[in-house]
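Asker: Structure file entry_17.cif (mmCIF, C-alpha atoms) right here:
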data_work
#
loop_
_atom_site.label_atom_id
_atom_site.label_comp_id
_atom_site.auth_asym_id
_atom_site.auth_seq_id
_atom_site.Cartn_x
_atom_site.Cartn_y
_atom_site.Cartn_z
CA MET A 1 6.43 -138.23 -169.53
CA THR A 2 7.65 -139.70 -172.82
CA GLN A 3 10.58 -142.09 -172.63
CA SER A 4 12.24 -144.80 -174.65
CA VAL A 5 10.47 -148.16 -174.78
CA LEU A 6 13.69 -149.59 -173.39
CA ALA A 7 12.93 -147.87 -170.09
CA GLY A 8 10.08 -150.23 -169.26
CA SER A 9 6.79 -149.33 -167.57
CA LEU A 10 5.07 -149.07 -164.20
CA ARG A 11 1.45 -149.89 -163.39
CA VAL A 12 0.04 -149.10 -159.96
CA ALA A 13 -3.45 -150.39 -159.19
CA ALA A 14 -5.66 -150.72 -156.12
CA ARG A 15 -9.29 -150.90 -155.02
CA TRP A 16 -11.00 -148.14 -153.05
CA ASP A 17 -13.36 -149.55 -150.45
CA ALA A 18 -15.12 -147.31 -147.91
CA GLY A 19 -12.18 -144.92 -147.55
CA ALA A 20 -9.38 -147.49 -147.70
CA LEU A 21 -7.23 -148.87 -150.48
CA THR A 22 -6.80 -152.63 -150.78
CA GLY A 23 -5.77 -155.19 -153.38
CA TRP A 24 -2.58 -153.41 -154.33
CA SER A 25 -0.71 -154.32 -157.51
CA VAL A 26 2.61 -152.65 -158.36
CA GLN A 27 4.00 -153.98 -161.62
CA LEU A 28 7.38 -152.64 -162.65
CA VAL A 29 8.55 -153.99 -165.99
CA ARG A 30 12.22 -153.62 -166.81
CA PRO A 31 13.84 -154.96 -169.97
CA PRO A 32 17.01 -157.00 -169.33
CA VAL A 33 19.33 -154.21 -170.47
CA ALA A 34 22.29 -155.22 -168.31
CA ARG A 35 22.26 -158.73 -169.76
CA ALA A 36 22.90 -157.26 -173.20
CA LEU A 37 26.30 -156.05 -171.93
CA VAL A 38 27.52 -159.52 -170.99
CA GLY A 39 30.14 -160.88 -173.36
CA LEU A 40 31.24 -157.48 -174.62
CA ALA A 41 34.64 -155.86 -174.19
CA PRO A 42 34.43 -153.33 -171.31
CA ALA A 43 34.83 -150.30 -173.58
CA ASP A 44 32.11 -151.54 -175.93
CA ALA A 45 29.79 -152.26 -173.03
CA LEU A 46 30.33 -148.80 -171.57
CA ALA A 47 29.63 -147.17 -174.94
CA ARG A 48 26.25 -148.91 -175.05
CA VAL A 49 25.11 -148.01 -171.54
CA PRO A 50 23.92 -144.42 -172.31
CA LEU A 51 22.23 -145.65 -175.50
CA TYR A 52 20.02 -147.99 -173.49
CA PHE A 53 18.71 -145.32 -171.11
CA SER A 54 16.71 -142.29 -172.18
CA LEU A 55 16.87 -140.79 -168.68
CA CYS A 56 20.01 -140.15 -166.62
CA ALA A 57 22.14 -141.41 -169.52
CA LYS A 58 25.23 -139.54 -168.31
CA ALA A 59 24.83 -140.81 -164.75
CA GLN A 60 24.35 -144.34 -166.08
CA ARG A 61 27.54 -144.05 -168.10
CA GLU A 62 29.50 -142.61 -165.20
CA ALA A 63 28.32 -145.33 -162.81
CA GLY A 64 29.42 -147.93 -165.35
CA ARG A 65 32.77 -146.24 -165.89
CA LEU A 66 33.44 -146.04 -162.15
CA ALA A 67 32.49 -149.68 -161.64
CA LEU A 68 34.82 -150.72 -164.47
CA ALA A 69 37.61 -148.61 -162.98
CA ALA A 70 37.10 -150.32 -159.62
CA ALA A 71 37.39 -153.66 -161.42
CA GLY A 72 40.74 -152.61 -162.86
CA CYS A 73 39.54 -151.60 -166.33
CA VAL A 74 40.50 -148.23 -167.77
CA ALA A 75 37.45 -147.17 -169.75
CA ASP A 76 37.22 -143.67 -171.24
CA THR A 77 37.21 -140.32 -169.43
CA PRO A 78 34.90 -139.06 -166.65
CA VAL A 79 31.73 -137.15 -167.44
CA PRO A 80 32.30 -133.53 -166.32
CA SER A 81 30.55 -132.76 -163.03
CA TRP A 82 28.63 -129.81 -164.45
CA GLN A 83 27.05 -132.05 -167.09
CA LEU A 84 25.91 -134.47 -164.39
CA TRP A 85 24.44 -131.61 -162.34
CA ALA A 86 22.68 -130.33 -165.47
CA GLU A 87 21.24 -133.78 -166.08
CA CYS A 88 20.03 -133.90 -162.47
CA LEU A 89 18.36 -130.50 -162.88
CA HIS A 90 16.75 -131.68 -166.11
CA GLU A 91 15.09 -134.60 -164.34
CA HIS A 92 13.78 -132.36 -161.55
CA LEU A 93 12.49 -129.76 -164.00
CA TRP A 94 10.66 -132.37 -166.09
CA ARG A 95 8.51 -133.17 -163.08
CA LEU A 96 8.29 -129.64 -161.66
CA LEU A 97 7.38 -127.93 -164.93
CA LEU A 98 5.31 -130.59 -166.67
CA ASP A 99 3.89 -133.25 -164.34
CA TRP A 100 3.22 -131.44 -161.06
CA PRO A 101 1.31 -128.57 -162.73
CA ARG A 102 -0.85 -131.12 -164.57
CA LEU A 103 -1.71 -132.86 -161.30
CA ALA A 104 -2.59 -129.49 -159.77
CA GLY A 105 -4.94 -128.72 -162.67
CA GLU A 106 -2.62 -126.12 -164.19
CA SER A 107 -1.07 -125.89 -167.63
CA PRO A 108 2.38 -127.45 -167.99
CA ARG A 109 5.22 -124.93 -168.39
CA ALA A 110 6.35 -126.58 -171.62
CA PRO A 111 7.83 -123.44 -173.28
CA ALA A 112 9.95 -122.68 -170.21
CA PHE A 113 11.16 -126.26 -170.09
CA ALA A 114 12.02 -126.23 -173.80
CA ALA A 115 13.99 -123.01 -173.36
CA TRP A 116 15.96 -124.47 -170.46
CA ARG A 117 16.71 -127.63 -172.44
CA ALA A 118 18.00 -125.55 -175.35
CA ALA A 119 20.36 -123.71 -173.00
CA ARG A 120 21.66 -127.02 -171.65
CA GLY A 121 23.40 -127.65 -174.95
CA LEU A 122 25.25 -124.32 -174.84
CA GLY A 123 27.61 -125.01 -171.94
CA GLN A 124 27.87 -124.61 -168.19
CA ALA A 125 27.47 -120.82 -168.04
CA ALA A 126 24.34 -120.97 -170.18
CA VAL A 127 22.81 -123.67 -167.97
CA ILE A 128 23.54 -121.64 -164.83
CA ASP A 129 21.91 -118.55 -166.34
CA ALA A 130 18.88 -120.48 -167.60
CA THR A 131 18.45 -122.14 -164.20
CA ARG A 132 18.42 -118.77 -162.45
CA GLN A 133 15.77 -117.52 -164.86
CA ILE A 134 13.48 -120.51 -164.52
CA ILE A 135 12.93 -120.21 -160.77
CA ALA A 136 9.86 -118.02 -161.33
CA GLU A 137 8.27 -120.77 -163.43
CA LEU A 138 8.38 -123.41 -160.70
CA PRO A 139 4.94 -124.11 -159.17
CA ALA A 140 4.71 -123.81 -155.41
CA ILE A 141 2.89 -127.11 -154.89
CA ALA A 142 3.05 -128.33 -151.30
CA GLU A 143 3.31 -132.00 -152.29
CA ALA A 144 6.38 -131.20 -154.43
CA ALA A 145 8.28 -129.43 -151.64
CA ASP A 146 10.97 -132.10 -151.38
CA GLN A 147 11.62 -132.04 -155.11
CA LEU A 148 11.76 -128.24 -155.13
CA ALA A 149 14.34 -128.38 -152.33
CA ALA A 150 16.39 -130.99 -154.21
CA PHE A 151 16.27 -128.85 -157.34
CA ALA A 152 17.50 -125.81 -155.41
CA ALA A 153 20.36 -127.84 -153.91
CA ALA A 154 21.43 -129.11 -157.33
CA ALA A 155 21.24 -125.58 -158.76
CA ARG A 156 23.57 -124.31 -156.00
CA ALA A 157 25.96 -127.18 -156.61
CA LEU A 158 26.12 -126.34 -160.32
CA GLU A 159 26.76 -122.64 -159.63
CA GLU A 160 29.51 -123.51 -157.14
CA ASP A 161 31.00 -126.07 -159.53
CA ARG A 162 30.97 -128.79 -156.88
CA PRO A 163 32.22 -132.30 -157.63
CA TYR A 164 29.37 -134.66 -158.42
CA PRO A 165 28.68 -137.23 -155.65
CA TRP A 166 29.85 -140.77 -156.33
CA GLY A 167 31.66 -143.69 -154.79
CA ASN A 168 33.16 -147.00 -155.90
CA ALA A 169 34.95 -150.07 -154.61
CA GLY A 170 36.26 -153.28 -156.09
CA ASN A 171 38.75 -156.07 -156.40
CA PRO A 172 40.84 -155.56 -159.56
CA GLY A 173 42.51 -158.93 -159.07
CA ALA A 174 39.14 -160.63 -159.36
CA GLY A 175 37.88 -158.23 -162.02
CA ALA A 176 35.01 -157.13 -159.76
CA GLY A 177 33.81 -153.59 -159.24
CA GLU A 178 30.81 -151.61 -158.11
CA ALA A 179 29.90 -147.93 -158.00
CA TRP A 180 27.12 -145.52 -157.14
CA VAL A 181 26.31 -142.13 -158.62
CA HIS A 182 23.87 -139.52 -157.38
CA THR A 183 20.75 -138.86 -159.50
CA ALA A 184 17.62 -136.78 -159.07
CA ARG A 185 15.81 -139.90 -157.83
CA GLY A 186 18.48 -141.27 -155.50
CA ARG A 187 21.59 -143.39 -155.81
CA LEU A 188 22.11 -145.32 -159.02
CA ARG A 189 24.26 -148.42 -158.54
CA HIS A 190 26.21 -150.58 -160.99
CA ALA A 191 28.04 -153.80 -160.10
CA LEU A 192 29.98 -155.90 -162.58
CA CYS A 193 32.59 -158.54 -163.16
CA VAL A 194 35.13 -158.75 -165.99
CA ASP A 195 36.78 -162.03 -166.91
CA ASP A 196 39.35 -162.62 -169.64
CA GLY A 197 38.76 -159.18 -171.15
CA ARG A 198 34.98 -159.57 -171.39
CA VAL A 199 32.05 -158.55 -169.22
CA ALA A 200 30.99 -161.67 -167.32
CA ALA A 201 28.21 -160.02 -165.29
CA TRP A 202 26.63 -156.57 -164.98
CA ARG A 203 23.87 -155.52 -162.59
CA ILE A 204 22.09 -152.16 -162.47
CA ASP A 205 20.09 -151.08 -159.44
CA ALA A 206 18.14 -147.87 -160.02
CA PRO A 207 16.10 -145.91 -157.44
CA THR A 208 12.90 -146.82 -159.29
CA ASP A 209 13.65 -150.51 -158.79
CA ARG A 210 13.85 -149.99 -155.04
CA ASN A 211 11.00 -147.49 -154.68
CA PHE A 212 8.50 -149.61 -156.59
CA ALA A 213 9.45 -153.09 -155.47
CA ASP A 214 6.03 -153.07 -153.74
CA GLU A 215 3.38 -150.60 -152.57
CA LYS A 216 5.02 -149.71 -149.22
CA GLY A 217 6.58 -146.44 -150.37
CA ILE A 218 3.27 -145.33 -151.87
CA VAL A 219 1.18 -146.28 -148.85
CA GLU A 220 3.37 -144.42 -146.38
CA ARG A 221 2.84 -141.21 -148.38
CA LEU A 222 -0.96 -141.42 -148.43
CA PRO A 223 -3.13 -139.19 -146.21
CA ALA A 224 -5.04 -140.77 -143.36
CA ARG A 225 -8.41 -140.13 -145.03
CA LEU A 226 -9.41 -140.97 -148.57
CA PRO A 227 -13.03 -139.82 -148.64
CA SER A 228 -13.76 -140.53 -152.30
CA LEU A 229 -12.55 -142.53 -155.27
CA ALA A 230 -11.29 -139.33 -156.90
CA ALA A 231 -9.41 -138.32 -153.75
CA ALA A 232 -7.83 -141.77 -153.55
CA ARG A 233 -6.67 -141.66 -157.15
CA ARG A 234 -5.14 -138.21 -156.75
CA ALA A 235 -3.42 -139.25 -153.53
CA VAL A 236 -1.88 -142.31 -155.16
CA GLU A 237 -0.70 -140.35 -158.20
CA THR A 238 0.78 -137.73 -155.88
CA ALA A 239 2.67 -140.43 -153.99
CA VAL A 240 3.94 -141.94 -157.24
CA LEU A 241 5.18 -138.54 -158.41
CA GLN A 242 6.90 -138.00 -155.08
CA LEU A 243 8.72 -141.32 -155.55
CA ASP A 244 9.42 -140.17 -159.13
CA PRO A 245 9.63 -143.29 -161.32
CA CYS A 246 12.03 -143.11 -164.25
CA VAL A 247 9.61 -145.03 -166.49
CA PRO A 248 6.18 -144.21 -167.95
CA TYR A 249 3.51 -145.04 -165.40
CA THR A 250 -0.24 -145.54 -165.05
CA VAL A 251 -2.39 -145.35 -161.91
CA GLU A 252 -5.63 -147.32 -161.78
CA ILE A 253 -7.89 -146.99 -158.76
CA VAL A 254 -11.28 -148.72 -159.01
CA ASP A 255 -14.32 -148.75 -156.75
CA ALA A 256 -14.66 -152.04 -154.93
#
Could you show the structure in this file as structure tokens?
Answerer:
Amino acid sequence: MTQSVLAGSLRVAARWDAGALTGWSVQLVRPPVARALVGLAPADALARVPLYFSLCAKAQREAGRLALAAAGCVADTPVPSWQLWAECLHEHLWRLLLDWPRLAGESPRAPAFAAWRAARGLGQAAVIDATRQIIAELPAIAEAADQLAAFAAAARALEEDRPYPWGNAGNPGAGAGEAWVHTARGRLRHALCVDDGRVAAWRIDAPTDRNFADEKGIVERLPARLPSLAAARRAVETAVLQLDPCVPYTVEIVDA
């Protein structure tokens, strides 16, 4: 998956030893994007947020806008719900059409994905129609069952024009606000503080940050038996895809 260098990177490594994996190393590198917003006027900071993220840019912007609103700052207009659902579908389809087929030894459905992406720019009705048509292209891979179910749920929400899930809370008197917005990978959270018309602090907590804080989420998704080095590597990559990092990743499994 190709993404902006601003996204960071993930490296997952372990040693295979007689059917078990040991010596785990999970290195998630994130550039200090939120720090670049400190000192800016709220509107200027919000305008930069989607420029710093190549994935979920609309959700990132909306989480920032909602956090600013909770802090008592009026900052621009909401992102339409259908655009957020379309972005969510895009993230699911990237994995389901490109990455999961590759892991299963099949050819990526790149043309189908490109066609869907082209329709995304034509409006809500076009996205709904393209999403209906792409169902036949989705690989029925058992390990991707949860992501397929999440894709189907997002597709129904788009068709039914449901409000996009979010929440926020804050203390306008203190210039503090926080918000969460649904994404394909889980809840994206922003928390910030505004002082004297400038951003004094801004923190972003993405699902990838939580899912890859250590190896626990990977380990709990591994099968009980890992009979070979190749089986171990595939199992780890499957677990990583199930956790769905929003950054480029590498998996390195070596024989102890």
Asker: When the PyMOL selection byres ((chain A and resi 219-235) around 7) is applied to the structure above, which residues does it catch, written out as a list in words?
Answerer: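 Evaluating the PyMOL selection byres ((chain A and resi 219-235) around 7) on these coordinates yields Trp16, Gly19, Ala20, Glu215, Lys216, Gly217, Ile218, Val236, Glu237, Thr238, Ala239, Ile253 and Asp255 of chain A.
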Asker: For atom CA of A:Pro172 and atom CA of A:Ala201, quote the distance in Å rounded to one decimal.
Answerer: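 Straight-line distance from atom CA of A:Pro172 to atom CA of A:Ala201 works out to 14.6 Å.
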Asker: What separation in Å, quoted to one decimal, exists between atom CA of A:Gly177 and atom CA of A:Leu51?
Answerer: 21.5 Å
Asker: Counting only C-alpha atoms, which residue out of A:Gln147, A:Leu188, A:Val26, A:Ala57 sits closest to A:Ala14?
Answerer: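 The answer is A:Val26, which sits nearest to A:Ala14.
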Asker: Tell me which protein, DNA and RNA residues are within 9 Å of A:Gln124, counting only C-alpha atoms, leaving out same-chain ones fewer than 5 positions away, and put them as a PDB file with C-alpha atoms, keeping the file's coordinate frame.
Answerer:
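And here is the file that came out, around.pdb:
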ATOM      1  CA  TRP A  82      28.630-129.810-164.450  1.00  0.00           C
ATOM      2  CA  GLN A  83      27.050-132.050-167.090  1.00  0.00           C
ATOM      3  CA  ALA A  86      22.680-130.330-165.470  1.00  0.00           C
ATOM      4  CA  ALA A 119      20.360-123.710-173.000  1.00  0.00           C
ATOM      5  CA  ASP A 129      21.910-118.550-166.340  1.00  0.00           C
ATOM      6  CA  LEU A 158      26.120-126.340-160.320  1.00  0.00           C
ATOM      7  CA  GLU A 159      26.760-122.640-159.630  1.00  0.00           C
TER       8      GLU A 159
END
Asker: Mind pulling up the distance from atom CA of A:Arg117 to atom CA of A:Phe151?
Answerer: 15.2 Å
Asker: With distances taken over all atoms listed in the file, which residue among A:Ala13, A:Ala67, A:Ala179, A:Ile135 lies nearest A:Val254?
Answerer: A:Ala13
Asker: Could you spell out the hits of the PyMOL selection byres ((chain A and resi 32) around 12) on the shown file, as a PyMOL selection string?
Answerer: chain A and resi 6-8+29-31+33-38+52-53+202-205
Asker: Of the candidates A:Ala75, A:Leu138, A:Ala118, A:Cys193, which one gets nearest to A:Pro101 if we count all atoms listed in the file?
Answerer: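 Looking at the shortest contact to A:Pro101, the residue is A:Leu138.
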Asker: Once the PyMOL selection byres ((chain A and resi 120) around 12) has been applied to the shown file, what residues remain in the selection, as a VMD selection string?
Answerer: chain A and resid 82 to 90 113 to 119 121 to 131
Asker: Let me see the file: selected residues, C-alpha atoms, as a CSV table (one decimal), in the coordinates of the input.
Answerer:
chain,number,residue,atom,x,y,z
A,82,TRP,CA,28.6,-129.8,-164.4
A,83,GLN,CA,27.0,-132.0,-167.1
A,84,LEU,CA,25.9,-134.5,-164.4
A,85,TRP,CA,24.4,-131.6,-162.3
A,86,ALA,CA,22.7,-130.3,-165.5
A,87,GLU,CA,21.2,-133.8,-166.1
A,88,CYS,CA,20.0,-133.9,-162.5
A,89,LEU,CA,18.4,-130.5,-162.9
A,90,HIS,CA,16.8,-131.7,-166.1
A,113,PHE,CA,11.2,-126.3,-170.1
A,114,ALA,CA,12.0,-126.2,-173.8
A,115,ALA,CA,14.0,-123.0,-173.4
A,116,TRP,CA,16.0,-124.5,-170.5
A,117,ARG,CA,16.7,-127.6,-172.4
A,118,ALA,CA,18.0,-125.6,-175.4
A,119,ALA,CA,20.4,-123.7,-173.0
A,121,GLY,CA,23.4,-127.6,-175.0
A,122,LEU,CA,25.2,-124.3,-174.8
A,123,GLY,CA,27.6,-125.0,-171.9
A,124,GLN,CA,27.9,-124.6,-168.2
A,125,ALA,CA,27.5,-120.8,-168.0
A,126,ALA,CA,24.3,-121.0,-170.2
A,127,VAL,CA,22.8,-123.7,-168.0
A,128,ILE,CA,23.5,-121.6,-164.8
A,129,ASP,CA,21.9,-118.6,-166.3
A,130,ALA,CA,18.9,-120.5,-167.6
A,131,THR,CA,18.4,-122.1,-164.2
Asker: Can you work out which one of A:Gly175, A:Gly23, A:Gly186, A:Pro163 has the shortest atom-to-atom distance to A:Cys56, counting all atoms listed in the file?
Answerer: A:Gly186
Asker: To box stretch 237-253 of chain A, take all atoms listed in the file, fit an axis-aligned box, add 3 Å on each side, and give centre and edge lengths in Å to one decimal, as AutoDock Vina command-line options.
Answerer:
--center_x 2.1 --center_y -142.5 --center_z -161.0 --size_x 25.9 --size_y 15.6 --size_z 20.0
Asker: For A:Val12, which residue out of A:Ala144, A:Leu28, A:Ala47, A:Ala152 is the nearest one, using all atoms listed in the file?
Answerer: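 Using all atoms listed in the file, A:Val12 sits closest to A:Leu28.
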Asker: Every residue with an atom at most 10 Å from (11.6, -145.7, -163.5) (file coordinates; only C-alpha atoms) is what I'm after, so could you write them as a ChimeraX atom specification?
Answerer: /A:3,7-10,28-30,55,185,206-212,243-249
Asker: Quick one: residues within 12 Å of A:Glu106, all atoms listed in the file, excluding same-chain residues fewer than 2 positions away - as a PyMOL selection string?
Answerer: chain A and resi 96-104+108-110+138-141
Asker: Within 6 Å of (36.9, -151.0, -158.6) (coordinates as in the file), grab all the protein and nucleic acid residues, counting all atoms listed in the file, and write them out as a short mmCIF file (atom, residue, chain, number, x, y, z; two decimals) with C-alpha atoms, keeping the file's coordinate frame.
Answerer:
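This is the output file result30.cif:
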data_model
loop_
_atom_site.label_atom_id
_atom_site.label_comp_id
_atom_site.auth_asym_id
_atom_site.auth_seq_id
_atom_site.Cartn_x
_atom_site.Cartn_y
_atom_site.Cartn_z
CA ALA A 67 32.49 -149.68 -161.64
CA ALA A 69 37.61 -148.61 -162.98
CA ALA A 70 37.10 -150.32 -159.62
CA ALA A 71 37.39 -153.66 -161.42
CA GLY A 72 40.74 -152.61 -162.86
CA ALA A 169 34.95 -150.07 -154.61
CA GLY A 170 36.26 -153.28 -156.09
CA ASN A 171 38.75 -156.07 -156.40
CA GLY A 177 33.81 -153.59 -159.24
#
Asker: Show which residues sit within 8 Å of A:Leu66, as a list in words. Count all atoms listed in the file, and ignore same-chain residues fewer than 2 positions away.
Answerer: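 Here the answer would be Glu62, Ala63, Gly64, Leu68, Ala69, Ala70, Gly167, Asn168, Glu178 and Ala179 of chain A.
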Asker: Hey, which of A:Arg187, A:Arg132, A:Asp214, A:Asp44 ends up closest to A:Val240? Count all atoms listed in the file.
Answerer: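 Under the stated criterion, the closest residue is A:Asp214.
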